[in-house]
Structures are given as structure tokens and as C-alpha cells.
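Novice: Here you go, model27.pdb (PDB, C-alpha atoms and all ligand atoms):
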```pdb
ATOM      1  CA  MET E   1     -17.240 -24.235 -25.579  1.00  0.00           C
ATOM      2  CA  ILE E   2     -17.863 -25.476 -22.034  1.00  0.00           C
ATOM      3  CA  LYS E   3     -19.230 -22.717 -19.823  1.00  0.00           C
ATOM      4  CA  ASN E   4     -18.286 -22.325 -16.175  1.00  0.00           C
ATOM      5  CA  LYS E   5     -21.294 -22.859 -13.935  1.00  0.00           C
ATOM      6  CA  ILE E   6     -22.175 -20.322 -11.237  1.00  0.00           C
ATOM      7  CA  ILE E   7     -24.967 -20.731  -8.674  1.00  0.00           C
ATOM      8  CA  VAL E   8     -26.697 -17.440  -7.842  1.00  0.00           C
ATOM      9  CA  THR E   9     -28.860 -17.663  -4.741  1.00  0.00           C
ATOM     10  CA  GLY E  10     -31.613 -15.066  -4.630  1.00  0.00           C
ATOM     11  CA  GLY E  11     -31.135 -14.762  -8.384  1.00  0.00           C
ATOM     12  CA  CYS E  12     -34.744 -13.693  -8.975  1.00  0.00           C
ATOM     13  CA  GLY E  13     -34.318 -10.699  -6.670  1.00  0.00           C
ATOM     14  CA  TYR E  14     -33.146  -7.197  -7.446  1.00  0.00           C
ATOM     15  CA  ILE E  15     -29.353  -7.447  -7.179  1.00  0.00           C
ATOM     16  CA  GLY E  16     -29.308 -11.156  -8.009  1.00  0.00           C
ATOM     17  CA  SER E  17     -31.166 -10.812 -11.314  1.00  0.00           C
ATOM     18  CA  HIS E  18     -28.854  -8.031 -12.525  1.00  0.00           C
ATOM     19  CA  THR E  19     -25.895 -10.197 -11.582  1.00  0.00           C
ATOM     20  CA  VAL E  20     -27.397 -13.113 -13.531  1.00  0.00           C
ATOM     21  CA  VAL E  21     -27.692 -10.936 -16.654  1.00  0.00           C
ATOM     22  CA  GLU E  22     -24.041  -9.888 -16.333  1.00  0.00           C
ATOM     23  CA  LEU E  23     -22.912 -13.478 -15.824  1.00  0.00           C
ATOM     24  CA  ILE E  24     -24.864 -14.756 -18.855  1.00  0.00           C
ATOM     25  CA  GLU E  25     -23.538 -11.926 -20.994  1.00  0.00           C
ATOM     26  CA  ASN E  26     -20.039 -12.922 -19.891  1.00  0.00           C
ATOM     27  CA  ASN E  27     -20.621 -16.510 -21.015  1.00  0.00           C
ATOM     28  CA  TYR E  28     -21.284 -18.229 -17.683  1.00  0.00           C
ATOM     29  CA  GLU E  29     -23.905 -20.912 -17.160  1.00  0.00           C
ATOM     30  CA  VAL E  30     -26.154 -19.772 -14.323  1.00  0.00           C
ATOM     31  CA  VAL E  31     -28.258 -21.790 -11.901  1.00  0.00           C
ATOM     32  CA  ILE E  32     -30.635 -19.691  -9.808  1.00  0.00           C
ATOM     33  CA  LEU E  33     -31.748 -20.870  -6.377  1.00  0.00           C
ATOM     34  CA  ASP E  34     -34.628 -18.833  -4.952  1.00  0.00           C
ATOM     35  CA  ASN E  35     -37.675 -19.408  -2.761  1.00  0.00           C
ATOM     36  CA  LEU E  36     -39.544 -16.465  -4.399  1.00  0.00           C
ATOM     37  CA  SER E  37     -40.303 -15.013  -0.953  1.00  0.00           C
ATOM     38  CA  ASN E  38     -39.592 -11.539  -2.342  1.00  0.00           C
ATOM     39  CA  SER E  39     -39.615 -12.090  -6.117  1.00  0.00           C
ATOM     40  CA  THR E  40     -41.469 -13.924  -8.880  1.00  0.00           C
ATOM     41  CA  GLU E  41     -40.662 -16.244 -11.754  1.00  0.00           C
ATOM     42  CA  GLU E  42     -41.453 -13.353 -14.128  1.00  0.00           C
ATOM     43  CA  THR E  43     -37.866 -12.319 -13.535  1.00  0.00           C
ATOM     44  CA  LEU E  44     -36.773 -15.324 -15.583  1.00  0.00           C
ATOM     45  CA  GLU E  45     -38.782 -14.025 -18.557  1.00  0.00           C
ATOM     46  CA  ARG E  46     -37.141 -10.623 -18.200  1.00  0.00           C
ATOM     47  CA  ILE E  47     -33.689 -12.211 -18.075  1.00  0.00           C
ATOM     48  CA  PHE E  48     -34.604 -14.138 -21.239  1.00  0.00           C
ATOM     49  CA  LYS E  49     -35.744 -10.931 -22.983  1.00  0.00           C
ATOM     50  CA  ILE E  50     -32.414  -9.262 -22.231  1.00  0.00           C
ATOM     51  CA  THR E  51     -30.022 -12.147 -22.792  1.00  0.00           C
ATOM     52  CA  GLY E  52     -31.895 -14.643 -24.982  1.00  0.00           C
ATOM     53  CA  ILE E  53     -31.149 -17.310 -22.358  1.00  0.00           C
ATOM     54  CA  LYS E  54     -33.408 -18.660 -19.639  1.00  0.00           C
ATOM     55  CA  PRO E  55     -31.175 -19.778 -16.769  1.00  0.00           C
ATOM     56  CA  THR E  56     -31.880 -22.945 -14.847  1.00  0.00           C
ATOM     57  CA  PHE E  57     -34.194 -22.081 -11.966  1.00  0.00           C
ATOM     58  CA  ILE E  58     -34.603 -24.162  -8.824  1.00  0.00           C
ATOM     59  CA  HIS E  59     -37.365 -23.177  -6.428  1.00  0.00           C
ATOM     60  CA  ILE E  60     -35.856 -23.869  -3.037  1.00  0.00           C
ATOM     61  CA  ASP E  61     -35.757 -22.424   0.445  1.00  0.00           C
ATOM     62  CA  LEU E  62     -32.102 -22.508   1.485  1.00  0.00           C
ATOM     63  CA  LYS E  63     -33.189 -23.111   5.078  1.00  0.00           C
ATOM     64  CA  ASP E  64     -34.206 -26.578   3.893  1.00  0.00           C
ATOM     65  CA  SER E  65     -30.891 -28.310   4.475  1.00  0.00           C
ATOM     66  CA  ILE E  66     -31.903 -31.644   2.897  1.00  0.00           C
ATOM     67  CA  ALA E  67     -33.067 -30.041  -0.360  1.00  0.00           C
ATOM     68  CA  THR E  68     -30.010 -27.759  -0.405  1.00  0.00           C
ATOM     69  CA  ASN E  69     -27.718 -30.735   0.080  1.00  0.00           C
ATOM     70  CA  ALA E  70     -29.366 -32.538  -2.857  1.00  0.00           C
ATOM     71  CA  ILE E  71     -28.868 -29.551  -5.159  1.00  0.00           C
ATOM     72  CA  PHE E  72     -25.235 -29.062  -4.234  1.00  0.00           C
ATOM     73  CA  SER E  73     -24.605 -32.765  -4.793  1.00  0.00           C
ATOM     74  CA  LYS E  74     -26.239 -32.564  -8.230  1.00  0.00           C
ATOM     75  CA  HIS E  75     -24.262 -29.462  -9.236  1.00  0.00           C
ATOM     76  CA  LYS E  76     -20.787 -30.512  -8.066  1.00  0.00           C
ATOM     77  CA  ASP E  77     -19.287 -28.972 -11.188  1.00  0.00           C
ATOM     78  CA  THR E  78     -20.221 -25.476  -9.967  1.00  0.00           C
ATOM     79  CA  LYS E  79     -17.241 -23.124  -9.987  1.00  0.00           C
ATOM     80  CA  ALA E  80     -18.630 -20.534  -7.572  1.00  0.00           C
ATOM     81  CA  VAL E  81     -21.660 -19.515  -5.554  1.00  0.00           C
ATOM     82  CA  ILE E  82     -22.823 -15.909  -5.288  1.00  0.00           C
ATOM     83  CA  ASN E  83     -25.216 -15.431  -2.395  1.00  0.00           C
ATOM     84  CA  PHE E  84     -27.999 -12.851  -2.533  1.00  0.00           C
ATOM     85  CA  ALA E  85     -30.683 -14.929  -0.813  1.00  0.00           C
ATOM     86  CA  SER E  86     -31.604 -12.886   2.197  1.00  0.00           C
ATOM     87  CA  HIS E  87     -34.124 -10.668   3.869  1.00  0.00           C
ATOM     88  CA  LYS E  88     -32.924  -7.079   3.971  1.00  0.00           C
ATOM     89  CA  ALA E  89     -35.451  -4.775   5.625  1.00  0.00           C
ATOM     90  CA  VAL E  90     -33.677  -2.970   8.461  1.00  0.00           C
ATOM     91  CA  GLY E  91     -36.808  -2.253  10.539  1.00  0.00           C
ATOM     92  CA  GLU E  92     -38.105  -5.802  10.232  1.00  0.00           C
ATOM     93  CA  SER E  93     -34.682  -7.197  11.149  1.00  0.00           C
ATOM     94  CA  VAL E  94     -34.836  -5.303  14.453  1.00  0.00           C
ATOM     95  CA  LEU E  95     -38.338  -6.585  15.169  1.00  0.00           C
ATOM     96  CA  LYS E  96     -37.637 -10.184  14.065  1.00  0.00           C
ATOM     97  CA  PRO E  97     -33.915 -10.819  14.626  1.00  0.00           C
ATOM     98  CA  VAL E  98     -34.215 -14.602  14.936  1.00  0.00           C
ATOM     99  CA  MET E  99     -36.047 -14.852  11.613  1.00  0.00           C
ATOM    100  CA  TYR E 100     -33.220 -12.860   9.998  1.00  0.00           C
ATOM    101  CA  TYR E 101     -30.566 -14.923  11.741  1.00  0.00           C
ATOM    102  CA  LYS E 102     -32.118 -18.160  10.464  1.00  0.00           C
ATOM    103  CA  ASN E 103     -32.763 -16.939   6.937  1.00  0.00           C
ATOM    104  CA  ASN E 104     -29.602 -14.952   6.265  1.00  0.00           C
ATOM    105  CA  LEU E 105     -26.973 -16.612   8.414  1.00  0.00           C
ATOM    106  CA  TYR E 106     -27.990 -20.209   9.052  1.00  0.00           C
ATOM    107  CA  SER E 107     -28.622 -20.978   5.383  1.00  0.00           C
ATOM    108  CA  LEU E 108     -25.402 -19.218   4.312  1.00  0.00           C
ATOM    109  CA  VAL E 109     -23.273 -21.123   6.827  1.00  0.00           C
ATOM    110  CA  TYR E 110     -24.941 -24.388   5.841  1.00  0.00           C
ATOM    111  CA  PHE E 111     -24.419 -24.166   2.102  1.00  0.00           C
ATOM    112  CA  SER E 112     -20.906 -22.739   2.544  1.00  0.00           C
ATOM    113  CA  PHE E 113     -20.139 -25.887   4.508  1.00  0.00           C
ATOM    114  CA  LEU E 114     -21.682 -28.051   1.756  1.00  0.00           C
ATOM    115  CA  ARG E 115     -19.693 -26.266  -0.928  1.00  0.00           C
ATOM    116  CA  CYS E 116     -16.439 -26.910   0.941  1.00  0.00           C
ATOM    117  CA  SER E 117     -17.232 -30.519   1.782  1.00  0.00           C
ATOM    118  CA  ASN E 118     -18.338 -31.342  -1.783  1.00  0.00           C
ATOM    119  CA  ASN E 119     -14.987 -30.249  -3.224  1.00  0.00           C
TER     120      ASN E 119
HETATM  121  N1  LIG S 201     -30.811  -3.586  -2.946  1.00  0.00           N
HETATM  122  C1  LIG S 201     -29.668  -2.934  -2.692  1.00  0.00           C
HETATM  123  O1  LIG S 201     -29.503  -1.731  -3.024  1.00  0.00           O
HETATM  124  C2  LIG S 201     -28.526  -3.620  -2.006  1.00  0.00           C
HETATM  125  C3  LIG S 201     -27.322  -2.953  -1.849  1.00  0.00           C
HETATM  126  C4  LIG S 201     -26.244  -3.620  -1.239  1.00  0.00           C
HETATM  127  C5  LIG S 201     -26.402  -4.912  -0.761  1.00  0.00           C
HETATM  128  N2  LIG S 201     -27.612  -5.515  -0.915  1.00  0.00           N
HETATM  129  C6  LIG S 201     -27.727  -6.883  -0.390  1.00  0.00           C
HETATM  130  O2  LIG S 201     -27.910  -7.809  -1.479  1.00  0.00           O
HETATM  131  C7  LIG S 201     -28.748  -8.877  -1.037  1.00  0.00           C
HETATM  132  C8  LIG S 201     -29.951  -8.992  -1.965  1.00  0.00           C
HETATM  133  O3  LIG S 201     -30.644  -7.745  -1.947  1.00  0.00           O
HETATM  134  P1  LIG S 201     -31.821  -7.461  -2.980  1.00  0.00           P
HETATM  135  O4  LIG S 201     -32.090  -6.001  -2.922  1.00  0.00           O
HETATM  136  O5  LIG S 201     -31.529  -8.096  -4.283  1.00  0.00           O
HETATM  137  O6  LIG S 201     -33.024  -8.236  -2.244  1.00  0.00           O
HETATM  138  P2  LIG S 201     -34.277  -8.973  -2.912  1.00  0.00           P
HETATM  139  O7  LIG S 201     -35.263  -9.185  -1.809  1.00  0.00           O
HETATM  140  O8  LIG S 201     -34.731  -8.273  -4.130  1.00  0.00           O
HETATM  141  O9  LIG S 201     -33.650 -10.386  -3.349  1.00  0.00           O
HETATM  142  C9  LIG S 201     -33.400 -11.405  -2.434  1.00  0.00           C
HETATM  143  C10 LIG S 201     -33.859 -12.704  -3.079  1.00  0.00           C
HETATM  144  O10 LIG S 201     -33.547 -13.775  -2.198  1.00  0.00           O
HETATM  145  C11 LIG S 201     -34.658 -14.659  -2.128  1.00  0.00           C
HETATM  146  N3  LIG S 201     -34.570 -15.337  -0.834  1.00  0.00           N
HETATM  147  C12 LIG S 201     -34.656 -14.793   0.416  1.00  0.00           C
HETATM  148  N4  LIG S 201     -34.509 -15.716   1.355  1.00  0.00           N
HETATM  149  C13 LIG S 201     -34.318 -16.912   0.707  1.00  0.00           C
HETATM  150  C14 LIG S 201     -34.117 -18.245   1.138  1.00  0.00           C
HETATM  151  N5  LIG S 201     -34.103 -18.588   2.436  1.00  0.00           N
HETATM  152  N6  LIG S 201     -33.948 -19.204   0.212  1.00  0.00           N
HETATM  153  C15 LIG S 201     -33.972 -18.891  -1.125  1.00  0.00           C
HETATM  154  N7  LIG S 201     -34.175 -17.639  -1.590  1.00  0.00           N
HETATM  155  C16 LIG S 201     -34.352 -16.655  -0.682  1.00  0.00           C
HETATM  156  C17 LIG S 201     -35.886 -13.766  -2.323  1.00  0.00           C
HETATM  157  O11 LIG S 201     -37.023 -14.471  -2.802  1.00  0.00           O
HETATM  158  C18 LIG S 201     -35.375 -12.756  -3.343  1.00  0.00           C
HETATM  159  O12 LIG S 201     -35.596 -13.181  -4.669  1.00  0.00           O
HETATM  160  C19 LIG S 201     -29.143  -8.558   0.424  1.00  0.00           C
HETATM  161  O13 LIG S 201     -28.233  -9.220   1.280  1.00  0.00           O
HETATM  162  C20 LIG S 201     -28.939  -7.068   0.518  1.00  0.00           C
HETATM  163  O14 LIG S 201     -28.663  -6.640   1.844  1.00  0.00           O
HETATM  164  C21 LIG S 201     -28.660  -4.935  -1.535  1.00  0.00           C
END
```
Could you render the structure from this file as C-alpha cells?

Specialist:
Amino acid sequence: MIKNKIIVTGGCGYIGSHTVVELIENNYEVVILDNLSNSTEETLERIFKITGIKPTFIHIDLKDSIATNAIFSKHKDTKAVINFASHKAVGESVLKPVMYYKNNLYSLVYFSFLRCSNN
């Protein structure tokens, strides 16, 4: 049976990895995009222990628009993208708003645009 492919950004992080487990257990093919800025590849082993499946992992910083473009072109058959790739510390976001703007908003707007233009 052909599985629907879902990209999970930030899929090695806390919420993302739990979402990946749920998706795999509901028969989706998952591709994780993560720059491991707040996670490690060990998460993939834990996902494998729970589900018996190691999802495709792509180490990428979504602020890198060229690399992001290449991945979205390669995975045109993706049915949906679930975005968890972000910084999320409230105090730090007040101290470094531009860093948060670039990481959380710029990359989201960019790959949302790619997703629409690739379809
Ligand atoms: N943790 C919670 O209780 C909670 C509750 C509600 C909403 N959220 C939201 O869910 C999202 C994820 O939260 P979390 O707790 O899983 O955080 P997390 O830090 O555990 O996971 C975020 C993941 O995104 C990755 N990442 C960050 N910037 C990236 C980039 N530019 N390119 C690629 N990967 C990048 C990190 O390496 C990490 O693996 C955040 O937007 C957060 O505000 C979290």
C-alpha cells in the first residue's frame, strides 16, 4: 500500500517527535527536517524503538533557502507539512527578537511559499 508522505519540521524535538510516532503508527511515511539546534539524532533511535520504523531524516537549517528549495523539489509528492521547527524560549525571544523572527517566521514563510509554488 502506498503511504502518504508528511514532512515534519523540527521532528527531532519534543512535540515533533511525538507527532512523528503518531503519524508512523497511523501509516504515514514521515520525512523529518531538523537542524538539531535543540535536539539530537538519538531521537530517531527512540522513534525506531517505539514504532519499528526509522523515518527519513534530513539535517537542514530551514533558514537556508537554497537547501530548503532543493528538499521541497525532491519531495514534491508530500501531502502535507507540519511545522515544529522553531525556537520557543519566551525570555530569550524578548532579548533576541530578530533571531526569533528569522528562525520562526522567515523560514516558515519561505517554505510555505515553496510548498504552494511546487503544487
Ligand atoms: N513544548 C510544548 O509544551 C509546546 C506546547 C505548545 C506549542 N509548542 C510549540 O511547538 C513548537 C515546537 O516546540 P517543542 O517543545 O517541540 O520545541 P523543541 O525545541 O523541542 O523542538 C523544536 C525543533 O526544531 C528544530 N529547529 C529549530 N529551528 C530550526 C530551523 N531553523 N531549522 C530546522 N530545525 C529547527 C530544533 O532542533 C528542535 O528539534 C514550538 O513552536 C512551540 O512553541 C510547544

Novice: Please return the centre and edge lengths, in Å to one decimal, of a box with edges along x, y and z that contains all listed atoms of ligand LIG 201 (chain S), widened by 6 Å on every side, as JSON.

Specialist:
```
{"center_x": -31.6, "center_y": -10.5, "center_z": -1.1, "size_x": 22.8, "size_y": 29.5, "size_z": 19.1}
```

Novice: Considering only C-alpha atoms and all ligand atoms, tabulate each residue of chain E that lies at most 10 Å from ligand LIG 201 (chain S) along with its nearest interatomic pair and the corresponding distance in Å to one decimal; arrange the rows by chain and ascending residue number and present them as a Markdown table.

Specialist:
```
| residue | atom | partner | partner_atom | distance |
| --- | --- | --- | --- | --- |
| E:Val8 | CA | S:LIG201 | O10 | 9.6 |
| E:Thr9 | CA | S:LIG201 | N7 | 6.2 |
| E:Gly10 | CA | S:LIG201 | O10 | 3.4 |
| E:Gly11 | CA | S:LIG201 | O12 | 6.0 |
| E:Cys12 | CA | S:LIG201 | O12 | 4.4 |
| E:Gly13 | CA | S:LIG201 | O9 | 3.4 |
| E:Tyr14 | CA | S:LIG201 | O5 | 3.7 |
| E:Ile15 | CA | S:LIG201 | O5 | 3.7 |
| E:Gly16 | CA | S:LIG201 | O5 | 5.3 |
| E:Ser17 | CA | S:LIG201 | O5 | 7.5 |
| E:His18 | CA | S:LIG201 | O5 | 8.7 |
| E:Thr19 | CA | S:LIG201 | O5 | 9.5 |
| E:Ile32 | CA | S:LIG201 | N7 | 9.2 |
| E:Leu33 | CA | S:LIG201 | C15 | 6.0 |
| E:Asp34 | CA | S:LIG201 | N7 | 3.6 |
| E:Asn35 | CA | S:LIG201 | C15 | 4.1 |
| E:Leu36 | CA | S:LIG201 | O11 | 3.6 |
| E:Ser37 | CA | S:LIG201 | O11 | 3.8 |
| E:Asn38 | CA | S:LIG201 | O11 | 3.9 |
| E:Ser39 | CA | S:LIG201 | O12 | 4.4 |
| E:Thr40 | CA | S:LIG201 | O12 | 7.3 |
| E:Glu41 | CA | S:LIG201 | O12 | 9.2 |
| E:Thr43 | CA | S:LIG201 | O12 | 9.2 |
| E:Ile58 | CA | S:LIG201 | C15 | 9.4 |
| E:His59 | CA | S:LIG201 | C15 | 7.6 |
| E:Ile60 | CA | S:LIG201 | C15 | 5.7 |
| E:Asp61 | CA | S:LIG201 | N6 | 3.7 |
| E:Leu62 | CA | S:LIG201 | N6 | 4.0 |
| E:Lys63 | CA | S:LIG201 | N5 | 5.3 |
| E:Asp64 | CA | S:LIG201 | N5 | 8.1 |
| E:Thr68 | CA | S:LIG201 | N6 | 9.4 |
| E:Asn83 | CA | S:LIG201 | C7 | 7.6 |
| E:Phe84 | CA | S:LIG201 | C7 | 4.3 |
| E:Ala85 | CA | S:LIG201 | O10 | 3.4 |
| E:Ser86 | CA | S:LIG201 | C12 | 4.0 |
| E:His87 | CA | S:LIG201 | C12 | 5.4 |
| E:Lys88 | CA | S:LIG201 | O14 | 4.8 |
| E:Ala89 | CA | S:LIG201 | O14 | 8.0 |
| E:Val90 | CA | S:LIG201 | O14 | 9.1 |
| E:Tyr100 | CA | S:LIG201 | N4 | 9.2 |
| E:Lys102 | CA | S:LIG201 | N5 | 8.3 |
| E:Asn103 | CA | S:LIG201 | N5 | 5.0 |
| E:Asn104 | CA | S:LIG201 | N5 | 6.9 |
| E:Leu105 | CA | S:LIG201 | N5 | 9.5 |
| E:Tyr106 | CA | S:LIG201 | N5 | 9.2 |
| E:Ser107 | CA | S:LIG201 | N5 | 6.7 |
| E:Leu108 | CA | S:LIG201 | N5 | 8.9 |
```

Novice: Write the residues you've just listed into a file as an mmCIF file, in the frame of the given file, and include C-alpha atoms for each of them.

Specialist:
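New file part.cif:
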```
data_model
loop_
_atom_site.group_PDB
_atom_site.id
_atom_site.type_symbol
_atom_site.label_atom_id
_atom_site.label_comp_id
_atom_site.auth_asym_id
_atom_site.auth_seq_id
_atom_site.Cartn_x
_atom_site.Cartn_y
_atom_site.Cartn_z
ATOM 1 C CA VAL E 8 -26.697 -17.440 -7.842
ATOM 2 C CA THR E 9 -28.860 -17.663 -4.741
ATOM 3 C CA GLY E 10 -31.613 -15.066 -4.630
ATOM 4 C CA GLY E 11 -31.135 -14.762 -8.384
ATOM 5 C CA CYS E 12 -34.744 -13.693 -8.975
ATOM 6 C CA GLY E 13 -34.318 -10.699 -6.670
ATOM 7 C CA TYR E 14 -33.146 -7.197 -7.446
ATOM 8 C CA ILE E 15 -29.353 -7.447 -7.179
ATOM 9 C CA GLY E 16 -29.308 -11.156 -8.009
ATOM 10 C CA SER E 17 -31.166 -10.812 -11.314
ATOM 11 C CA HIS E 18 -28.854 -8.031 -12.525
ATOM 12 C CA THR E 19 -25.895 -10.197 -11.582
ATOM 13 C CA ILE E 32 -30.635 -19.691 -9.808
ATOM 14 C CA LEU E 33 -31.748 -20.870 -6.377
ATOM 15 C CA ASP E 34 -34.628 -18.833 -4.952
ATOM 16 C CA ASN E 35 -37.675 -19.408 -2.761
ATOM 17 C CA LEU E 36 -39.544 -16.465 -4.399
ATOM 18 C CA SER E 37 -40.303 -15.013 -0.953
ATOM 19 C CA ASN E 38 -39.592 -11.539 -2.342
ATOM 20 C CA SER E 39 -39.615 -12.090 -6.117
ATOM 21 C CA THR E 40 -41.469 -13.924 -8.880
ATOM 22 C CA GLU E 41 -40.662 -16.244 -11.754
ATOM 23 C CA THR E 43 -37.866 -12.319 -13.535
ATOM 24 C CA ILE E 58 -34.603 -24.162 -8.824
ATOM 25 C CA HIS E 59 -37.365 -23.177 -6.428
ATOM 26 C CA ILE E 60 -35.856 -23.869 -3.037
ATOM 27 C CA ASP E 61 -35.757 -22.424 0.445
ATOM 28 C CA LEU E 62 -32.102 -22.508 1.485
ATOM 29 C CA LYS E 63 -33.189 -23.111 5.078
ATOM 30 C CA ASP E 64 -34.206 -26.578 3.893
ATOM 31 C CA THR E 68 -30.010 -27.759 -0.405
ATOM 32 C CA ASN E 83 -25.216 -15.431 -2.395
ATOM 33 C CA PHE E 84 -27.999 -12.851 -2.533
ATOM 34 C CA ALA E 85 -30.683 -14.929 -0.813
ATOM 35 C CA SER E 86 -31.604 -12.886 2.197
ATOM 36 C CA HIS E 87 -34.124 -10.668 3.869
ATOM 37 C CA LYS E 88 -32.924 -7.079 3.971
ATOM 38 C CA ALA E 89 -35.451 -4.775 5.625
ATOM 39 C CA VAL E 90 -33.677 -2.970 8.461
ATOM 40 C CA TYR E 100 -33.220 -12.860 9.998
ATOM 41 C CA LYS E 102 -32.118 -18.160 10.464
ATOM 42 C CA ASN E 103 -32.763 -16.939 6.937
ATOM 43 C CA ASN E 104 -29.602 -14.952 6.265
ATOM 44 C CA LEU E 105 -26.973 -16.612 8.414
ATOM 45 C CA TYR E 106 -27.990 -20.209 9.052
ATOM 46 C CA SER E 107 -28.622 -20.978 5.383
ATOM 47 C CA LEU E 108 -25.402 -19.218 4.312
#
```

Novice: Could you please determine the separation between CA of Glu25 in chain E and CA of His75 in chain E in Å, to one decimal place?

Specialist: 21.1 Å

Novice: Using all atoms listed in the file - which residues lie no farther than 7 Å from the point (-31.3, -9.9, -16.2) in the file's frame? Write them as an NGL selection string.

Specialist: :E and (17-18 or 20-21 or 46-47 or 50)

Novice: May I ask for the distance between CA of Phe113 in chain E and CA of Ser93 in chain E, given in Å to one decimal place?

Specialist: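 Distance reported for this atom pair: 24.6 Å.
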
Novice: Could I get range 18-30 of chain E rebuilt with N, CA and C atoms, written as a PDB file, in the coordinates of the input?

Specialist:
```pdb
ATOM      1  N   HIS E  18     -29.809  -8.825 -11.729  1.00  0.00           N
ATOM      2  CA  HIS E  18     -28.854  -8.031 -12.525  1.00  0.00           C
ATOM      3  C   HIS E  18     -27.517  -8.766 -12.641  1.00  0.00           C
ATOM      4  N   THR E  19     -27.144  -9.423 -11.557  1.00  0.00           N
ATOM      5  CA  THR E  19     -25.895 -10.197 -11.582  1.00  0.00           C
ATOM      6  C   THR E  19     -26.006 -11.350 -12.572  1.00  0.00           C
ATOM      7  N   VAL E  20     -27.179 -12.001 -12.589  1.00  0.00           N
ATOM      8  CA  VAL E  20     -27.397 -13.113 -13.531  1.00  0.00           C
ATOM      9  C   VAL E  20     -27.239 -12.630 -14.970  1.00  0.00           C
ATOM     10  N   VAL E  21     -27.817 -11.481 -15.296  1.00  0.00           N
ATOM     11  CA  VAL E  21     -27.692 -10.936 -16.654  1.00  0.00           C
ATOM     12  C   VAL E  21     -26.216 -10.726 -16.998  1.00  0.00           C
ATOM     13  N   GLU E  22     -25.470 -10.135 -16.075  1.00  0.00           N
ATOM     14  CA  GLU E  22     -24.041  -9.888 -16.333  1.00  0.00           C
ATOM     15  C   GLU E  22     -23.278 -11.194 -16.534  1.00  0.00           C
ATOM     16  N   LEU E  23     -23.613 -12.188 -15.710  1.00  0.00           N
ATOM     17  CA  LEU E  23     -22.912 -13.478 -15.824  1.00  0.00           C
ATOM     18  C   LEU E  23     -23.203 -14.133 -17.171  1.00  0.00           C
ATOM     19  N   ILE E  24     -24.500 -14.136 -17.565  1.00  0.00           N
ATOM     20  CA  ILE E  24     -24.864 -14.756 -18.855  1.00  0.00           C
ATOM     21  C   ILE E  24     -24.155 -14.023 -19.989  1.00  0.00           C
ATOM     22  N   GLU E  25     -24.165 -12.700 -19.908  1.00  0.00           N
ATOM     23  CA  GLU E  25     -23.538 -11.926 -20.994  1.00  0.00           C
ATOM     24  C   GLU E  25     -22.020 -12.107 -21.023  1.00  0.00           C
ATOM     25  N   ASN E  26     -21.468 -12.629 -19.926  1.00  0.00           N
ATOM     26  CA  ASN E  26     -20.039 -12.922 -19.891  1.00  0.00           C
ATOM     27  C   ASN E  26     -19.774 -14.431 -20.004  1.00  0.00           C
ATOM     28  N   ASN E  27     -20.789 -15.118 -20.598  1.00  0.00           N
ATOM     29  CA  ASN E  27     -20.621 -16.510 -21.015  1.00  0.00           C
ATOM     30  C   ASN E  27     -20.563 -17.541 -19.879  1.00  0.00           C
ATOM     31  N   TYR E  28     -21.174 -17.234 -18.748  1.00  0.00           N
ATOM     32  CA  TYR E  28     -21.284 -18.229 -17.683  1.00  0.00           C
ATOM     33  C   TYR E  28     -22.629 -18.945 -17.803  1.00  0.00           C
ATOM     34  N   GLU E  29     -22.634 -20.201 -17.317  1.00  0.00           N
ATOM     35  CA  GLU E  29     -23.905 -20.912 -17.160  1.00  0.00           C
ATOM     36  C   GLU E  29     -24.405 -20.615 -15.744  1.00  0.00           C
ATOM     37  N   VAL E  30     -25.653 -20.188 -15.641  1.00  0.00           N
ATOM     38  CA  VAL E  30     -26.154 -19.772 -14.323  1.00  0.00           C
ATOM     39  C   VAL E  30     -27.259 -20.712 -13.843  1.00  0.00           C
TER      40      VAL E  30
END
```
